[in-house]
$ cat data12.txt   # compact mmCIF, C-alpha atoms and all ligand atoms
# COMPACT_ATOMS: atom_id res chain seq x y z
CA MET A 588 -9.84 -3.03 13.45
CA THR A 589 -7.19 -1.15 11.57
CA LYS A 590 -5.27 -3.34 9.12
CA ILE A 591 -1.48 -3.32 9.17
CA ALA A 592 0.59 -3.87 6.02
CA PRO A 593 4.35 -3.97 6.68
CA SER A 594 6.31 -2.68 3.69
CA MET A 595 8.85 -5.33 2.70
CA LEU A 596 11.01 -2.51 1.31
CA SER A 597 12.65 -2.39 4.75
CA CYS A 598 13.19 -6.14 5.15
CA ASP A 599 16.34 -8.18 4.58
CA PHE A 600 15.83 -9.08 0.91
CA SER A 601 18.35 -11.93 1.15
CA ARG A 602 15.83 -13.61 3.48
CA LEU A 603 12.59 -12.42 1.86
CA GLY A 604 10.73 -15.68 2.52
CA GLU A 605 11.61 -15.79 6.22
CA GLU A 606 10.80 -12.07 6.55
CA LEU A 607 7.32 -12.71 5.11
CA VAL A 608 6.80 -15.50 7.64
CA ARG A 609 7.90 -13.10 10.40
CA VAL A 610 5.40 -10.51 9.19
CA GLU A 611 2.56 -13.03 9.11
CA LYS A 612 3.43 -14.43 12.57
CA SER A 613 3.53 -10.88 13.96
CA GLY A 614 -0.17 -10.47 13.17
CA ALA A 615 0.07 -8.34 10.03
CA ASP A 616 -2.91 -8.34 7.68
CA TRP A 617 -1.16 -7.82 4.33
CA ALA A 618 2.44 -7.75 3.07
CA HIS A 619 3.04 -4.53 1.09
CA LEU A 620 5.35 -5.03 -1.90
CA ASP A 621 6.97 -1.90 -3.36
CA VAL A 622 7.79 -2.37 -7.04
CA MET A 623 10.01 0.39 -8.50
CA ASP A 624 11.21 0.61 -12.09
CA GLY A 625 13.94 3.27 -11.97
CA MET A 626 11.83 5.40 -14.33
CA PHE A 627 8.67 6.46 -12.52
CA VAL A 628 10.81 6.72 -9.39
CA PRO A 629 14.61 7.01 -9.18
CA ASN A 630 15.03 3.63 -7.52
CA LEU A 631 14.82 -0.06 -8.43
CA THR A 632 13.49 -2.89 -6.29
CA PHE A 633 12.07 -6.14 -7.67
CA GLY A 634 9.47 -7.46 -10.08
CA ALA A 635 7.05 -10.33 -10.57
CA PRO A 636 9.65 -13.16 -10.65
CA ILE A 637 10.81 -12.37 -7.11
CA ILE A 638 7.20 -12.12 -5.88
CA LYS A 639 6.44 -15.48 -7.49
CA CYS A 640 9.37 -17.09 -5.63
CA ALA A 641 8.23 -15.54 -2.35
CA ARG A 642 4.58 -16.53 -2.72
CA HIS A 643 4.84 -20.07 -1.34
CA TRP A 644 6.32 -18.92 1.97
CA THR A 645 3.08 -17.51 3.35
CA ASP A 646 -0.67 -17.19 2.79
CA ILE A 647 -0.77 -13.52 3.82
CA PRO A 648 -2.33 -11.31 1.09
CA PHE A 649 0.24 -9.66 -1.17
CA ASP A 650 -0.52 -5.94 -1.68
CA ALA A 651 1.56 -4.72 -4.64
CA HIS A 652 2.31 -0.99 -4.95
CA LEU A 653 3.48 -0.43 -8.52
CA MET A 654 5.73 2.63 -8.85
CA ILE A 655 6.22 2.00 -12.56
CA GLU A 656 5.42 3.67 -15.88
CA ASP A 657 2.68 2.19 -18.07
CA PRO A 658 1.59 -0.37 -15.46
CA VAL A 659 -0.99 -2.02 -17.72
CA ARG A 660 1.92 -3.82 -19.42
CA TYR A 661 2.79 -5.73 -16.26
CA VAL A 662 -0.36 -6.27 -14.19
CA GLU A 663 -0.92 -9.75 -15.62
CA ASP A 664 2.60 -10.78 -14.57
CA PHE A 665 1.94 -9.56 -11.03
CA ALA A 666 -1.42 -11.36 -10.92
CA LYS A 667 0.22 -14.61 -12.08
CA ALA A 668 2.96 -14.13 -9.47
CA GLY A 669 0.31 -14.31 -6.75
CA CYS A 670 -0.54 -10.72 -5.83
CA ASP A 671 -3.97 -10.19 -4.27
CA SER A 672 -4.24 -6.44 -4.83
CA ILE A 673 -2.41 -4.15 -7.23
CA THR A 674 -2.22 -0.39 -6.80
CA VAL A 675 -1.16 1.98 -9.59
CA HIS A 676 -0.26 5.69 -9.61
CA THR A 677 -2.44 8.36 -11.24
CA GLU A 678 0.79 10.11 -12.33
CA ALA A 679 2.28 7.15 -14.20
CA GLU A 680 2.48 7.12 -17.99
CA GLY A 681 -0.07 5.11 -19.93
CA ASP A 682 -3.76 4.39 -19.62
CA ILE A 683 -4.24 4.09 -15.86
CA MET A 684 -7.97 3.39 -16.10
CA ALA A 685 -7.18 0.48 -18.42
CA ALA A 686 -4.75 -0.82 -15.80
CA VAL A 687 -7.47 -0.61 -13.11
CA ASP A 688 -9.94 -2.45 -15.34
CA LYS A 689 -7.38 -5.11 -16.24
CA ILE A 690 -6.57 -5.71 -12.56
CA HIS A 691 -10.28 -6.37 -11.97
CA ASP A 692 -10.55 -8.57 -15.06
CA LEU A 693 -7.74 -10.67 -13.59
CA GLY A 694 -9.85 -11.14 -10.44
CA LEU A 695 -7.74 -8.97 -8.14
CA LYS A 696 -8.49 -5.93 -5.99
CA ALA A 697 -7.55 -2.71 -7.76
CA GLY A 698 -6.03 0.29 -6.02
CA ILE A 699 -5.22 3.85 -7.03
CA THR A 700 -2.62 6.11 -5.46
CA MET A 701 -0.98 9.52 -5.82
CA ASN A 702 2.07 11.37 -4.52
CA PRO A 703 1.73 14.25 -2.02
CA PRO A 704 1.94 17.12 -4.58
CA THR A 705 -0.79 15.65 -6.80
CA ASP A 706 -4.26 17.23 -6.52
CA VAL A 707 -6.66 14.96 -4.62
CA HIS A 708 -9.30 15.56 -7.30
CA ASP A 709 -7.14 13.57 -9.74
CA LEU A 710 -8.55 10.58 -7.82
CA ASP A 711 -12.17 11.45 -8.59
CA ARG A 712 -12.54 9.56 -11.85
CA TYR A 713 -11.19 6.39 -10.26
CA LEU A 714 -13.04 6.38 -6.93
CA ASP A 715 -16.05 4.36 -8.01
CA ARG A 716 -13.84 1.98 -10.01
CA VAL A 717 -11.40 0.83 -7.28
CA ASP A 718 -11.39 -1.26 -4.10
CA LEU A 719 -8.53 0.60 -2.46
CA VAL A 720 -7.19 4.16 -2.32
CA LEU A 721 -3.60 4.51 -1.15
CA ILE A 722 -2.75 8.00 0.05
CA MET A 723 1.01 8.48 -0.26
CA THR A 724 2.31 10.45 2.72
CA VAL A 725 5.82 10.69 1.24
CA ASN A 726 6.97 11.00 -2.36
CA ALA A 727 7.21 7.48 -3.75
CA GLY A 728 10.67 6.03 -4.22
CA PHE A 729 12.37 5.49 -0.89
CA GLY A 730 11.66 4.21 2.61
CA GLY A 731 12.52 6.12 5.77
CA GLN A 732 11.24 9.55 4.70
CA LYS A 733 9.39 12.09 6.81
CA PHE A 734 5.58 12.05 6.88
CA HIS A 735 3.87 14.85 4.90
CA GLU A 736 1.32 16.53 7.16
CA GLU A 737 -0.47 18.17 4.25
CA CYS A 738 -1.78 14.77 3.13
CA ILE A 739 -4.17 14.43 6.09
CA PRO A 740 -7.00 16.37 4.32
CA LYS A 741 -6.71 13.95 1.39
CA ILE A 742 -7.52 11.08 3.74
CA GLU A 743 -10.52 13.03 5.07
CA TYR A 744 -11.70 13.71 1.51
CA VAL A 745 -11.58 10.04 0.50
CA LYS A 746 -13.18 8.97 3.78
CA LYS A 747 -16.08 11.36 3.18
CA TRP A 748 -16.52 10.01 -0.35
CA ALA A 749 -16.43 6.42 0.97
CA GLU A 750 -19.08 7.17 3.62
CA ASP A 751 -21.37 8.56 0.93
CA HIS A 752 -20.72 6.03 -1.84
CA ASN A 753 -18.73 2.93 -0.80
CA PRO A 754 -18.21 2.27 2.93
CA GLY A 755 -16.18 -0.85 2.06
CA LEU A 756 -13.48 1.15 0.26
CA GLU A 757 -10.07 0.42 1.77
CA ILE A 758 -8.24 3.64 2.62
CA SER A 759 -4.55 3.01 3.05
CA VAL A 760 -1.67 5.35 3.90
CA ASP A 761 1.99 4.83 3.02
CA GLY A 762 5.15 6.70 3.97
CA GLY A 763 6.58 7.87 7.28
CA ILE A 764 3.96 5.93 9.23
CA ASN A 765 4.83 5.34 12.87
CA ARG A 766 2.96 5.09 16.17
CA GLU A 767 2.00 8.77 16.15
CA THR A 768 1.43 9.52 12.44
CA GLY A 769 -0.43 6.23 12.03
CA LYS A 770 -2.87 7.17 14.78
CA ARG A 771 -3.55 10.51 13.16
CA CYS A 772 -4.17 8.90 9.77
CA VAL A 773 -6.68 6.48 11.31
CA GLU A 774 -8.43 9.40 13.02
CA ALA A 775 -8.65 11.09 9.61
CA GLY A 776 -10.27 7.99 8.08
CA ALA A 777 -7.58 5.51 7.03
CA ASN A 778 -8.19 1.84 7.80
CA VAL A 779 -4.91 0.38 6.50
CA LEU A 780 -1.46 1.48 7.72
CA VAL A 781 1.57 0.64 5.55
CA ALA A 782 4.87 0.97 7.39
CA GLY A 783 8.40 -0.14 6.60
CA SER A 784 11.15 1.38 8.73
CA ALA A 785 9.06 1.86 11.89
CA LEU A 786 8.22 -1.87 12.04
CA PHE A 787 11.34 -3.53 10.64
CA LYS A 788 13.66 -1.67 13.02
CA LEU A 789 12.01 -3.62 15.86
CA ASP A 790 13.29 -7.07 16.85
CA ASP A 791 9.68 -8.04 17.54
CA MET A 792 7.07 -6.09 15.57
CA SER A 793 4.08 -7.98 16.98
CA GLN A 794 3.43 -5.68 19.95
CA GLU A 795 3.57 -2.58 17.76
CA ILE A 796 1.22 -4.16 15.23
CA SER A 797 -1.31 -5.07 17.91
CA LEU A 798 -1.13 -1.52 19.32
CA TRP A 799 -1.78 0.02 15.88
CA LYS A 800 -4.62 -2.41 15.17
CA GLY A 801 -6.44 -0.93 18.15
CA TYR A 802 -6.48 2.56 16.63
CA GLY A 803 -9.77 3.96 15.39
CA PRO A 804 -13.38 3.93 16.45
CA ASP A 805 -14.65 1.53 13.83
CA ALA A 806 -14.51 -2.22 14.32
CA GLU A 807 -14.44 -4.65 11.37
CA ARG A 808 -14.86 -3.06 7.93
O1 LIG B 901 5.96 3.12 -1.11
C1 LIG B 901 6.91 3.25 -0.38
C2 LIG B 901 8.05 4.13 -0.79
O2 LIG B 901 7.81 4.65 -2.05
C3 LIG B 901 7.02 2.48 0.91
O3 LIG B 901 5.88 1.63 1.03
C4 LIG B 901 7.12 3.39 2.11
O4 LIG B 901 8.05 4.36 1.96
C5 LIG B 901 7.33 2.61 3.39
O5 LIG B 901 8.48 2.96 4.03
P1 LIG B 901 8.54 3.86 5.37
O6 LIG B 901 7.46 3.33 6.29
O7 LIG B 901 9.92 3.60 5.87
O8 LIG B 901 8.27 5.28 4.96
FE FE B 902 4.50 1.52 -0.83
$ encode --input "data12.txt" --output "structure tokens" --more "lines below"
Ligand SMILES: O=C(CO)[C@H](O)[C@H](O)COP(=O)(O)O
Ligand SMILES: [Fe+2]
Amino acid sequence: MTKIAPSMLSCDFSRLGEELVRVEKSGADWAHLDVMDGMFVPNLTFGAPIIKCARHWTDIPFDAHLMIEDPVRYVEDFAKAGCDSITVHTEAEGDIMAAVDKIHDLGLKAGITMNPPTDVHDLDRYLDRVDLVLIMTVNAGFGGQKFHEECIPKIEYVKKWAEDHNPGLEISVDGGINRETGKRCVEAGANVLVAGSALFKLDDMSQEISLWKGYGPDAER
């Protein structure tokens, strides 16, 4: 079954706890938490203290997407706040491999991601060191952007690598995901769909989540 990770970027932040409960009750698999520092991306969201406050509202896994420079400085804070997986950008400043290793040392799942213009081969040195690859299908920084078609071959590339080397690798996509683009990403090899605006605009996201979960030929991974 395809996993669904609603991006809390599109939720009502004044009711973050209740919104997480809504996401869990709607059948989502993970809550995707977009952390932006105003440096790596031209936008600010929230950090570990907010995640720590939100943690007790739900047991759903917290999937942190760090859009920050030098992420190794902060991964311990995000682990202590209760994140289950932490994903860092290849393009960020600092030692990204050290960040990946530190995430593992902290007992969490480590993810690597890249923006649409970045060469897919920049992922190569990380592939056998991570649990999750997040293919960005918009440029990181804002919700509600249009899906980048040219990212589909990146999904196929990572899927091929996973088939040959690590079938358990989680392949996630993030940005402009809706009913139609999500289906195409799953057909290309993704098994996790991150979506903000397409889910949070719905009064009841549970039907949409169950529809998307049915995408793809493969059952449990
Ligand atoms: O990482 C992100 C933005 O940088 C978000 O996860 C993503 O944009 C989700 O929003 P939408 O589904 O509205 O595109
Ligand atoms: Fe994200």
$ closest_residue --input "data12.txt" --among "A:Cys738, A:Val745, A:Met588, A:Val725" --to "ligand LIG 901 (chain B)" --atoms "all atoms listed in the file"
A:Val725
$ closest_residue --input "data12.txt" --among "A:Asp664, A:Asp657, A:Glu736, A:Asp650" --to "ligand FE 902 (chain B)" --atoms "all atoms listed in the file"
A:Asp650
$ residues_near_ligand --input "data12.txt" --ligand "ligand LIG 901 (chain B)" --cutoff "10 Å" --atoms "all atoms listed in the file" --output "JSON list (two decimals) with C-alpha atoms, keeping the file's coordinate frame"
[["chain", "number", "residue", "atom", "x", "y", "z"],
["A", 592, "ALA", "CA", 0.59, -3.87, 6.02],
["A", 593, "PRO", "CA", 4.35, -3.97, 6.68],
["A", 594, "SER", "CA", 6.31, -2.68, 3.69],
["A", 595, "MET", "CA", 8.85, -5.33, 2.70],
["A", 596, "LEU", "CA", 11.01, -2.51, 1.31],
["A", 597, "SER", "CA", 12.65, -2.39, 4.75],
["A", 619, "HIS", "CA", 3.04, -4.53, 1.09],
["A", 620, "LEU", "CA", 5.35, -5.03, -1.90],
["A", 621, "ASP", "CA", 6.97, -1.90, -3.36],
["A", 622, "VAL", "CA", 7.79, -2.37, -7.04],
["A", 623, "MET", "CA", 10.01, 0.39, -8.50],
["A", 628, "VAL", "CA", 10.81, 6.72, -9.39],
["A", 630, "ASN", "CA", 15.03, 3.63, -7.52],
["A", 651, "ALA", "CA", 1.56, -4.72, -4.64],
["A", 652, "HIS", "CA", 2.31, -0.99, -4.95],
["A", 653, "LEU", "CA", 3.48, -0.43, -8.52],
["A", 654, "MET", "CA", 5.73, 2.63, -8.85],
["A", 702, "ASN", "CA", 2.07, 11.37, -4.52],
["A", 721, "LEU", "CA", -3.60, 4.51, -1.15],
["A", 723, "MET", "CA", 1.01, 8.48, -0.26],
["A", 724, "THR", "CA", 2.31, 10.45, 2.72],
["A", 725, "VAL", "CA", 5.82, 10.69, 1.24],
["A", 726, "ASN", "CA", 6.97, 11.00, -2.36],
["A", 727, "ALA", "CA", 7.21, 7.48, -3.75],
["A", 728, "GLY", "CA", 10.67, 6.03, -4.22],
["A", 729, "PHE", "CA", 12.37, 5.49, -0.89],
["A", 730, "GLY", "CA", 11.66, 4.21, 2.61],
["A", 731, "GLY", "CA", 12.52, 6.12, 5.77],
["A", 732, "GLN", "CA", 11.24, 9.55, 4.70],
["A", 733, "LYS", "CA", 9.39, 12.09, 6.81],
["A", 734, "PHE", "CA", 5.58, 12.05, 6.88],
["A", 760, "VAL", "CA", -1.67, 5.35, 3.90],
["A", 761, "ASP", "CA", 1.99, 4.83, 3.02],
["A", 762, "GLY", "CA", 5.15, 6.70, 3.97],
["A", 763, "GLY", "CA", 6.58, 7.87, 7.28],
["A", 764, "ILE", "CA", 3.96, 5.93, 9.23],
["A", 765, "ASN", "CA", 4.83, 5.34, 12.87],
["A", 780, "LEU", "CA", -1.46, 1.48, 7.72],
["A", 781, "VAL", "CA", 1.57, 0.64, 5.55],
["A", 782, "ALA", "CA", 4.87, 0.97, 7.39],
["A", 783, "GLY", "CA", 8.40, -0.14, 6.60],
["A", 784, "SER", "CA", 11.15, 1.38, 8.73],
["A", 785, "ALA", "CA", 9.06, 1.86, 11.89],
["A", 786, "LEU", "CA", 8.22, -1.87, 12.04],
["A", 787, "PHE", "CA", 11.34, -3.53, 10.64],
["A", 788, "LYS", "CA", 13.66, -1.67, 13.02]]
$ closest_residue --input "data12.txt" --among "A:Lys800, A:Thr589, A:Ile722, A:Asp711" --to "ligand FE 902 (chain B)" --atoms "only C-alpha atoms and all ligand atoms"
A:Ile722
$ closest_residue --input "data12.txt" --among "A:Thr768, A:Ser797, A:Thr677, A:Thr645" --to "Gly604 (chain A)" --atoms "only C-alpha atoms"
A:Thr645
$ residues_near_point --input "data12.txt" --point "(7.7, -8.7, 15.0)" --cutoff "7 Å" --atoms "all atoms listed in the file" --output "PyMOL selection string"
chain A and resi 609-610+613+789-793
$ closest_residue --input "data12.txt" --among "A:Glu757, A:Trp799, A:Asp751, A:Leu631" --to "Lys770 (chain A)" --atoms "only C-alpha atoms"
A:Trp799
$ residues_around --input "data12.txt" --residues "Asp718 (chain A)" --least-positions-apart "4" --cutoff "10 Å" --atoms "all atoms listed in the file" --output "PyMOL selection string"
chain A and resi 672-674+687+691+695-699+713-714+753+755-758
$ write_last_selection --input "data12.txt" --atoms "C-alpha atoms" --output "short mmCIF file (atom, residue, chain, number, x, y, z; two decimals), keeping the file's coordinate frame"
data_model
loop_
_atom_site.label_atom_id
_atom_site.label_comp_id
_atom_site.auth_asym_id
_atom_site.auth_seq_id
_atom_site.Cartn_x
_atom_site.Cartn_y
_atom_site.Cartn_z
CA SER A 672 -4.24 -6.44 -4.83
CA ILE A 673 -2.41 -4.15 -7.23
CA THR A 674 -2.22 -0.39 -6.80
CA VAL A 687 -7.47 -0.61 -13.11
CA HIS A 691 -10.28 -6.37 -11.97
CA LEU A 695 -7.74 -8.97 -8.14
CA LYS A 696 -8.49 -5.93 -5.99
CA ALA A 697 -7.55 -2.71 -7.76
CA GLY A 698 -6.03 0.29 -6.02
CA ILE A 699 -5.22 3.85 -7.03
CA TYR A 713 -11.19 6.39 -10.26
CA LEU A 714 -13.04 6.38 -6.93
CA ASN A 753 -18.73 2.93 -0.80
CA GLY A 755 -16.18 -0.85 2.06
CA LEU A 756 -13.48 1.15 0.26
CA GLU A 757 -10.07 0.42 1.77
CA ILE A 758 -8.24 3.64 2.62
#
$ closest_residue --input "data12.txt" --among "A:Val717, A:Ile683, A:Leu710, A:Ile655" --to "ligand FE 902 (chain B)" --atoms "all atoms listed in the file"
A:Ile655
$ atom_distance --input "data12.txt" --atom1 "CA of Ala615 (chain A)" --atom2 "CA of Phe633 (chain A)"
21.5 Å
$ residues_around --input "data12.txt" --residues "Gly801 (chain A)" --least-positions-apart "2" --cutoff "12 Å" --atoms "all atoms listed in the file" --output "list in words"
Met588, Thr589, Lys590, Ile591, Arg766, Gly769, Lys770, Val773, Glu774, Asn778, Val779, Leu780, Gln794, Glu795, Ile796, Ser797, Leu798, Trp799, Gly803, Pro804, Asp805, Ala806 and Glu807 of chain A
$ atom_distance --input "data12.txt" --atom1 "CA of Arg771 (chain A)" --atom2 "CA of Asp616 (chain A)"
19.6 Å
$ axis_aligned_box --input "data12.txt" --around "region 712-728 of chain A" --padding-each-side "6 Å" --output "JSON"
{"center_x": -2.7, "center_y": 4.9, "center_z": -4.6, "size_x": 38.7, "size_y": 24.3, "size_z": 26.6}
$ residues_near_point --input "data12.txt" --point "(0.8, 16.0, -9.3)" --cutoff "12 Å" --atoms "all atoms listed in the file" --output "ChimeraX atom specification"
/A:676-679,700-710,723,726
$ atom_distance --input "data12.txt" --atom1 "CA of Cys640 (chain A)" --atom2 "CA of Val720 (chain A)"
27.1 Å
$ build_atoms --input "data12.txt" --residues "region 640-667 of chain A" --atoms "N, CA and C atoms" --output "short mmCIF file (atom, residue, chain, number, x, y, z; two decimals), keeping the file's coordinate frame"
data_model
loop_
_atom_site.label_atom_id
_atom_site.label_comp_id
_atom_site.auth_asym_id
_atom_site.auth_seq_id
_atom_site.Cartn_x
_atom_site.Cartn_y
_atom_site.Cartn_z
N CYS A 640 8.53 -16.22 -6.49
CA CYS A 640 9.37 -17.09 -5.63
C CYS A 640 8.98 -16.98 -4.16
N ALA A 641 8.56 -15.78 -3.76
CA ALA A 641 8.23 -15.54 -2.35
C ALA A 641 6.85 -16.08 -1.98
N ARG A 642 6.01 -16.26 -2.98
CA ARG A 642 4.58 -16.53 -2.72
C ARG A 642 4.33 -17.77 -1.85
N HIS A 643 5.15 -18.82 -2.04
CA HIS A 643 4.84 -20.07 -1.34
C HIS A 643 5.22 -20.04 0.14
N TRP A 644 5.89 -18.99 0.58
CA TRP A 644 6.32 -18.92 1.97
C TRP A 644 5.18 -18.62 2.94
N THR A 645 4.12 -18.01 2.45
CA THR A 645 3.08 -17.51 3.35
C THR A 645 1.75 -17.40 2.60
N ASP A 646 0.67 -17.40 3.39
CA ASP A 646 -0.67 -17.19 2.79
C ASP A 646 -1.13 -15.75 2.94
N ILE A 647 -0.35 -14.91 3.59
CA ILE A 647 -0.77 -13.52 3.82
C ILE A 647 -1.01 -12.82 2.46
N PRO A 648 -2.09 -12.01 2.36
CA PRO A 648 -2.33 -11.31 1.09
C PRO A 648 -1.14 -10.43 0.68
N PHE A 649 -0.82 -10.49 -0.61
CA PHE A 649 0.24 -9.66 -1.17
C PHE A 649 -0.39 -8.41 -1.80
N ASP A 650 0.02 -7.25 -1.29
CA ASP A 650 -0.52 -5.94 -1.68
C ASP A 650 0.59 -5.23 -2.47
N ALA A 651 0.50 -5.29 -3.81
CA ALA A 651 1.56 -4.72 -4.64
C ALA A 651 1.31 -3.24 -4.90
N HIS A 652 2.34 -2.44 -4.70
CA HIS A 652 2.31 -0.99 -4.95
C HIS A 652 3.26 -0.75 -6.12
N LEU A 653 2.67 -0.55 -7.31
CA LEU A 653 3.48 -0.43 -8.52
C LEU A 653 3.90 1.03 -8.76
N MET A 654 5.17 1.31 -8.55
CA MET A 654 5.73 2.63 -8.85
C MET A 654 6.46 2.49 -10.17
N ILE A 655 5.66 2.27 -11.24
CA ILE A 655 6.22 2.00 -12.56
C ILE A 655 5.42 2.75 -13.62
N GLU A 656 6.10 3.07 -14.73
CA GLU A 656 5.42 3.67 -15.88
C GLU A 656 4.60 2.61 -16.61
N ASP A 657 3.53 3.04 -17.23
CA ASP A 657 2.68 2.19 -18.07
C ASP A 657 2.37 0.84 -17.41
N PRO A 658 1.76 0.87 -16.24
CA PRO A 658 1.59 -0.37 -15.46
C PRO A 658 0.74 -1.43 -16.14
N VAL A 659 -0.12 -1.03 -17.09
CA VAL A 659 -0.99 -2.02 -17.72
C VAL A 659 -0.18 -3.13 -18.39
N ARG A 660 1.06 -2.82 -18.77
CA ARG A 660 1.92 -3.82 -19.42
C ARG A 660 2.24 -4.99 -18.50
N TYR A 661 2.25 -4.74 -17.19
CA TYR A 661 2.79 -5.73 -16.26
C TYR A 661 1.78 -6.33 -15.29
N VAL A 662 0.54 -5.80 -15.26
CA VAL A 662 -0.36 -6.27 -14.19
C VAL A 662 -0.64 -7.78 -14.30
N GLU A 663 -0.67 -8.31 -15.50
CA GLU A 663 -0.92 -9.75 -15.62
C GLU A 663 0.23 -10.55 -14.99
N ASP A 664 1.45 -10.09 -15.18
CA ASP A 664 2.60 -10.78 -14.57
C ASP A 664 2.48 -10.79 -13.05
N PHE A 665 2.05 -9.64 -12.48
CA PHE A 665 1.94 -9.56 -11.03
C PHE A 665 0.76 -10.40 -10.51
N ALA A 666 -0.29 -10.49 -11.30
CA ALA A 666 -1.42 -11.36 -10.92
C ALA A 666 -0.95 -12.82 -10.93
N LYS A 667 -0.26 -13.22 -11.98
CA LYS A 667 0.22 -14.61 -12.08
C LYS A 667 1.23 -14.94 -10.99
#
